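Since the structure comes first, as structure tokens, the remarks are kept for the end.
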2 protein chains.
Amino acid sequence: MTAYKDLMAVERATQALAQVAGRLGWDQETMMPCGAADQRAEETGALAAVLHTRRCDPRRGDLLAAAEVGGPDEVARAQLRHIRRDFDRATRVPEDLAVALARLTSRAQGQWAAARAADDPAAFAPVLAEVVRLKREEAAALARGGDLYEALLDDYEPGMTVARLDAMFAEMRPRLVALRARALAADWPTLDAHFDEQAQLRLARELARRFGYDFARGRIDMAVHPFSSGSGDDVRITTRVNESDPFNCLYSTIHETGHACYEQGIEPAYRLTPLGQGVSMGVHESQSRIYENQLGRGRAFCGWLYGRMREAFGDFGIAGEETFYRAVNRVHRGHIRTEADEVQYNLHIMLRYDLERALIAGDLVTGDLEAAWNDRFAADFGYPVDRASNGALQDVHWSVGLFGYFPTYSLGNVYAGCLYRAMQGAVQGLEGQLAQGDLSGATAWLRDGVQCHGGLYEPGEVIARACGQAAGAEPLLVYLEEKFGALMP
Amino acid sequence: MTAYKDLMAVERATQALAQVAGRLGWDQETMMPCGAADQRAEETGALAAVLHTRRCDPRRGDLLAAAEVGGPDEVARAQLRHIRRDFDRATRVPEDLAVALARLTSRAQGQWAAARAADDPAAFAPVLAEVVRLKREEAAALARGGDLYEALLDDYEPGMTVARLDAMFAEMRPRLVALRARALAADWPTLDAHFDEQAQLRLARELARRFGYDFARGRIDMAVHPFSSGSGDDVRITTRVNESDPFNCLYSTIHETGHACYEQGIEPAYRLTPLGQGVSMGVHESQSRIYENQLGRGRAFCGWLYGRMREAFGDFGIAGEETFYRAVNRVHRGHIRTEADEVQYNLHIMLRYDLERALIAGDLVTGDLEAAWNDRFAADFGYPVDRASNGALQDVHWSVGLFGYFPTYSLGNVYAGCLYRAMQGAVQGLEGQLAQGDLSGATAWLRDGVQCHGGLYEPGEVIARACGQAAGAEPLLVYLEEKFGALMP
């Protein structure tokens with residue numbers, strides 16, 4: 001056990017440094033003076049280099065190999081599994097490729113932002129081609145003869161396969177396209193009032209608290225793009241405010257609260273160890289999505305929220321809970337993934353999944369990306385893309401090398417569908433609680449079934465344990481069809 | 001030159017990591033959730049260990065030795081001098097002693113805070129004795145047969161000697177005791193009004209801007225104890241607000257602006273190199289003090305500030321500039337160093353200097369510290385200490401191992417006196433500018449004469465170059481005697 005203890009001491013320091021890097025990122029998005037950007041890039045780079053050196057350290061490999069031959073218990077086995085995956089991942093990619101990718105994606109992100117601002121996909125295509133080329137090299141180093149895309153996917157959703165994703169999306173796509181067509185033909189109420197910024201922020205803080213966010217171990221600040229950051233006892237969230245659309249602030253706060261509660265809910269003994277973070281992007285997104293959608297946009301909670309918003313903002317022109325519920329769940333034409341409703345969101349993901357698979361496979365060149373995007377969009381959404389910034393240039397992900405990340409958003413929705421079905425069977429009086437703005441039963445069930453485990457179980461296993469069966473798309477699809485079927489008169 | 005270039009690349013990354021550590025400290029005092037303290041201690045410790053390893057790295061020593069045999073130019077010589085001092089300092093202290101000191105002082109700080117809250121010096125004496133013991137060991141490792149205290153002083157004011165401090169304080173003490181006695185016998189006006197928090201903060205921001213603070217490379221937040229943090233393009237300051245005493249917020253802001261402008265004013269080419277920070281604590285304090293006192297509390301600027309405060313707060317019960325000027329410079333009984341007026345401040349420092357020298361020399365045991373403090377205080381200040389939290393327990397410094405730091409506060413005042421005399425001769429129309437609230441002439445002279453050089457010259461040399469002669473206490477003493485003589489009718 002000495003090797004294991006020594007290894008864990010090293011890992012603990014590495015995890016602590018990774019938390020520092022995360023805090024630096026938080027600072028950059030919320031607090032950093034505008035003139036500090038260049039210096040910050042050097043600071044971030046220096047810390048990233050320290051972390052990279054630690055991840056690849058041969059002594060880490062030696063300790064790991066020695067620890068693996070002991071007779072570890074369940075927790076130790078899980079710790080070693082995470083460390084092994086991380087060490088192999090870090091050491092399989094040649095140092096010069098890792099450096100080249102870091103440099104290139106830093107530059108590509110700037111070029112993407114400029115191309116998006118100018119609506120000029122041709123300006124971005126060459127640098128994106130270079131990113132794809134290096135990501136293919138990286139994938140080849142990781143895949144060792146296996147599927148390139150799957151090797152990248154494994155960074156974000158360990159154990160997931162392209163075969164399972166293909167089957168899942170094949171099941172989802174026709175039913176969501178059909179539901180989308182019906183929903184867009186219906187009429188939906190909209191808000192048309194002014195919602196004071198400070199009143200929105202006060203309500204956002206109250207919602208975060210009601211959904212279980214512990215402010216003693218976190219804080220809320222403003223950022224251009226809302227995010228959650230940090231693990232253990234320092235998990236921070238951000239939000240933004242639009243004074244004509246309070247749902248932007250309130251539901252992004254609930255979404256980030258879901259991410260943050262996952263981190264805050266992990267078994268305290270795992271803090272600053274490999275088990276001390278959410279186990280995958282998909283499971284993380286399942287928590288943010290079930291907080292935001294199944295709970296936050298459900299009929300019962302919307303009834304309570306309507307009354308609470310009338311107290312906070314006065315009469316805002318929506319007469320009655322039912323109309324409010326329809327306004328919250330309004331389905332509408334829109335090109336931007338992050339603003340999509342529950343019906344259309346996964347169509348965005350499938351589009352990106354198929355295109356990024358083709359890019360990594362070498363079946364699509366970046367010069368043809370915009371046309372491929374626009375064709376697919378028209379087919380699935382039923383209306384055209386009007387400009388590249390609303391199409392192939394809308395997301396930052398590819399510019400920074402995030403290939404294989406998009407499907408985890410849909411996996412999060414699928415997991416949330418499974419968890420919600422199980423929660424409805426397990427939590428007594430759930431609807432009555434939600435109608436009172438009381439999330440304690442729902443969030444306690446999620447904490448005990450999912451959040452507390454951190455990285456102890458693999459992503460698929462933690463969902464299956466919580467739900468009593470393997471995850472699949474059916475519960476989500478039934479939920480969406482029933483919910484939106486009832487919303488369309 | 002290859003060794004020099006390689007060395008500087010290593011140093012640059014180390015400096016960047018040191019900036020990250022500084023930002024983490026800033027976050028802890030301004031933003032960190034209360035429940036994150038334990039985790040933060042691990043994060044801070046992990047980063048400190050990385051920095052320590054880099055400082056002591058034998059490869060650093062090899063590169064340094066190789067670079068020193070080249071024919072470096074003035075800037076390179078100065079860089080190498082700083083790196084040599086830092087490397088020798090880091091490697092002379094045995095690793096286990098460094099670790100023991102870090103652990104002990106972390107614990108001692110908590111025990112000091114508890115003892116201060118309970119006004120119980122006996123509870124703190126044993127742990128302080130242990131700190132003194134380890135600091136003596138550390139000093140012995142650094143001093144290599146020389147004076148123990150001087151070896152510690154060298155961390156904060158390189159090149160300064162106890163002989164010069166002794167002579168300086170011997171010159172200052174009788175004249176300041178005499179001036180203190182006269183000043184305490186006089187009547188001074190006080191403020192008695194309510195000063196709105198937000199109006200104070202708006203004015204504080206305006207003052208920072210007028211004194212030259214660049215908000216594009218910094219920001220102001222609230223903290224329990226005001227401080228300045230960071231170098232280069234990210235230099236942040238903090239302040240605090242007392243609604244019955246606006247001078248607390250306004251003058252602490254001007255003080256921290258002085259520190260911050262020093263960092264912001266350093267030659268940009270030195271950013272993230274050993275030359276890219278203020279050269280010593282004493283020179284740093286000279287900038288904060290001349291901004292705060294000679295400029296900010298001078299008659300001309302007070303005239304302008306009086307008008308500006310009337311605009312900000314309305315009539316606050318002070319009739320006329322002259323009365324306002326006397327209120328700003330009020331001399332009053334008080335036990336707390338950080339709240340002391342210009343006349344008594346240095347008496348606080350001399351008291352601590354003599355006591356900490358005796359502790360490090362082994363001539364005073366911590367059990368006798370309180371009595372020694374109280375005797376000396378009564379002798380120099382003319383009124384007794386009422387309780388330990390107002391006496392030997394008031395400052396955090398000794399609990400965290402800062403021995404040799406206190407005299408740099410007085411050196412800052414002495415340097416400020418020298419600089420102000422030289423500035424008066426060099427800046428045309430200075431008084432007229434200050435009377436208009438225009439600090440641009442004064443701060444440009446300081447930037448060009450002192451701030452821009454960063455660590456290029458040794459502390460004594462940078463002051464001597466700016467002033468045209470070596471620093472001494474006489475200009476400060478004459479300034480104080482003239483200023484306060486004129487203020488006492």
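Ligands are numbered from 1 in the order shown, residues from 1 within each chain, and chains are lettered A, B, ... in the order they appear in the structure tokens.
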
Taking only C-alpha atoms into account, what are the residues of chain B at most 7 Å from chain A, put as a CSV table (one decimal) with C-alpha atoms, in the first residue's frame?
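Here's the written file result_17.csv:
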chain,number,residue,atom,x,y,z
B,13,ALA,CA,7.7,30.7,-16.2
B,16,ALA,CA,4.2,33.7,-14.1
B,17,LEU,CA,3.5,31.0,-11.5
B,20,VAL,CA,-0.7,33.0,-10.1
B,33,PRO,CA,-16.4,31.4,-0.3
B,34,CYS,CA,-16.0,31.0,3.5
B,35,GLY,CA,-16.2,27.2,3.3
B,36,ALA,CA,-13.3,26.9,0.9
B,39,GLN,CA,-9.2,23.3,0.3
B,42,GLU,CA,-4.0,22.7,0.0
B,43,GLU,CA,-4.1,24.6,-3.3
B,46,ALA,CA,0.7,22.7,-3.7
B,47,LEU,CA,1.6,25.8,-5.7
B,216,ALA,CA,-7.4,48.6,-17.7
B,217,ARG,CA,-4.7,46.7,-15.9
B,218,GLY,CA,-6.2,46.6,-12.4
B,219,ARG,CA,-9.4,46.7,-10.3
B,233,ASP,CA,-0.5,44.1,-16.4
B,234,ASP,CA,-2.7,42.8,-13.5

So that I can check the secondary structure, give me every residue of region 291-459 of chain B assigned helix (DSSP H, G or I) by backbone DSSP, as an NGL selection string. :B and (291-295 or 299-313 or 321-328 or 337-339 or 342-361 or 366-381 or 388-390 or 397-400 or 407-426 or 430-435 or 440-449 or 451-453 or 459)

Could you save those same residues with C-alpha atoms as a short mmCIF file (atom, residue, chain, number, x, y, z; two decimals), in the first residue's frame?
data_model
loop_
_atom_site.label_atom_id
_atom_site.label_comp_id
_atom_site.auth_asym_id
_atom_site.auth_seq_id
_atom_site.Cartn_x
_atom_site.Cartn_y
_atom_site.Cartn_z
CA TYR B 291 1.22 59.33 -2.59
CA GLU B 292 -0.68 59.13 0.68
CA ASN B 293 1.14 61.65 2.87
CA GLN B 294 3.40 64.20 1.18
CA LEU B 295 1.00 64.48 -1.79
CA ARG B 299 -2.04 71.50 2.10
CA ALA B 300 -2.48 72.08 -1.64
CA PHE B 301 -4.18 68.78 -2.42
CA CYS B 302 -6.30 68.97 0.74
CA GLY B 303 -7.70 72.25 -0.54
CA TRP B 304 -8.87 70.56 -3.69
CA LEU B 305 -10.12 67.46 -1.86
CA TYR B 306 -12.19 69.58 0.50
CA GLY B 307 -14.16 70.97 -2.43
CA ARG B 308 -14.48 67.56 -4.03
CA MET B 309 -15.78 66.03 -0.78
CA ARG B 310 -18.33 68.81 -0.41
CA GLU B 311 -19.57 67.92 -3.89
CA ALA B 312 -19.69 64.23 -3.03
CA PHE B 313 -21.12 64.37 0.50
CA GLU B 321 -10.01 74.27 3.71
CA GLU B 322 -7.70 75.05 6.60
CA THR B 323 -9.86 73.22 9.14
CA PHE B 324 -10.21 70.33 6.72
CA TYR B 325 -6.43 70.18 6.30
CA ARG B 326 -6.04 70.01 10.07
CA ALA B 327 -8.69 67.29 10.31
CA VAL B 328 -6.86 65.22 7.67
CA ARG B 337 0.17 51.24 14.02
CA THR B 338 -1.97 51.03 10.89
CA GLU B 339 -4.13 53.91 12.15
CA GLU B 342 2.47 60.80 10.35
CA VAL B 343 4.06 62.01 13.59
CA GLN B 344 3.68 58.82 15.61
CA TYR B 345 3.93 56.18 12.86
CA ASN B 346 7.68 55.75 12.96
CA LEU B 347 7.69 55.50 16.76
CA HIS B 348 5.62 52.33 16.29
CA ILE B 349 8.26 50.94 13.94
CA MET B 350 11.25 51.70 16.17
CA LEU B 351 9.53 49.96 19.06
CA ARG B 352 8.97 46.81 16.98
CA TYR B 353 12.46 46.97 15.47
CA ASP B 354 14.18 46.99 18.84
CA LEU B 355 11.95 44.23 20.22
CA GLU B 356 12.30 41.92 17.23
CA ARG B 357 16.06 42.43 17.16
CA ALA B 358 16.17 41.41 20.81
CA LEU B 359 14.02 38.35 20.11
CA ILE B 360 16.23 37.20 17.23
CA ALA B 361 19.40 37.95 19.22
CA THR B 366 8.54 35.83 24.31
CA GLY B 367 7.14 35.55 27.84
CA ASP B 368 8.64 38.99 28.58
CA LEU B 369 7.54 40.56 25.30
CA GLU B 370 4.33 42.16 26.50
CA ALA B 371 5.99 43.93 29.44
CA ALA B 372 8.82 45.15 27.22
CA TRP B 373 6.31 46.42 24.66
CA ASN B 374 4.25 48.27 27.23
CA ASP B 375 7.26 49.91 28.89
CA ARG B 376 8.62 51.15 25.61
CA PHE B 377 5.23 52.33 24.40
CA ALA B 378 4.68 54.46 27.50
CA ALA B 379 8.14 55.96 27.12
CA ASP B 380 7.81 56.97 23.48
CA PHE B 381 4.09 57.71 23.16
CA ALA B 388 -2.62 43.30 24.60
CA SER B 389 -4.72 43.45 21.42
CA ASN B 390 -3.76 47.13 21.33
CA HIS B 397 3.79 39.88 11.19
CA TRP B 398 5.65 37.89 13.82
CA SER B 399 3.11 35.07 13.81
CA VAL B 400 3.81 34.45 10.13
CA PRO B 407 11.91 48.63 9.47
CA THR B 408 11.02 48.77 5.77
CA TYR B 409 7.93 50.77 6.71
CA SER B 410 10.12 53.49 8.21
CA LEU B 411 12.58 53.24 5.34
CA GLY B 412 9.64 53.93 3.06
CA ASN B 413 8.84 57.07 5.00
CA VAL B 414 12.47 58.16 4.97
CA TYR B 415 12.76 57.54 1.22
CA ALA B 416 9.47 59.39 0.67
CA GLY B 417 10.91 62.37 2.55
CA CYS B 418 13.97 62.39 0.30
CA LEU B 419 11.93 61.98 -2.87
CA TYR B 420 9.52 64.72 -1.93
CA ARG B 421 12.32 67.21 -1.32
CA ALA B 422 13.82 66.36 -4.72
CA MET B 423 10.42 66.47 -6.42
CA GLN B 424 9.75 69.95 -5.08
CA GLY B 425 12.92 71.13 -6.77
CA ALA B 426 12.27 69.28 -10.01
CA LEU B 430 3.89 71.43 -8.36
CA GLU B 431 1.85 73.16 -5.69
CA GLY B 432 -0.44 74.75 -8.25
CA GLN B 433 -1.09 71.38 -9.86
CA LEU B 434 -1.85 69.71 -6.53
CA ALA B 435 -4.24 72.51 -5.63
CA SER B 440 0.18 64.13 -13.20
CA GLY B 441 3.41 66.10 -12.72
CA ALA B 442 4.22 64.48 -9.38
CA THR B 443 3.44 60.93 -10.44
CA ALA B 444 5.24 61.27 -13.80
CA TRP B 445 8.37 62.36 -11.93
CA LEU B 446 8.12 59.32 -9.63
CA ARG B 447 7.45 56.99 -12.54
CA ASP B 448 10.44 58.22 -14.50
CA GLY B 449 12.76 58.48 -11.52
CA GLN B 451 9.02 53.22 -10.71
CA CYS B 452 10.11 52.46 -14.25
CA HIS B 453 13.39 50.91 -13.09
CA PRO B 459 17.13 49.98 -3.30
#

Using only C-alpha atoms, which of B:Leu7, B:Cys249, B:Leu142, B:Val162 sits nearest Leu203 (chain B)?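 Of the candidates, the smallest distance to Leu203 (chain B) is held by B:Cys249.
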
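Distance check against Gly472 (chain A) using only C-alpha atoms: of A:Trp112, A:Phe169, A:Phe247, A:Tyr270, the minimum falls on A:Phe169.
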
Provide the CA of Arg182 (chain B) to CA of Met488 (chain B) distance in Å, to one decimal place.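 Straight-line distance from CA of Arg182 (chain B) to CA of Met488 (chain B) works out to 8.3 Å.
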
Would you pick out the contacts of Thr53 (chain A) at 12 Å or less, using only C-alpha atoms, so that residues sharing its chain but fewer than 5 positions from it are not included, and give the list as a VMD selection string? (chain A and resid 14 46 to 48 58 to 60 87 90 to 91 95 98 to 99) or (chain B and resid 50)

Straight-line distance linking CA of Pro384 (chain B) with CA of Arg297 (chain B), stated in Å to one decimal: 27.9 Å
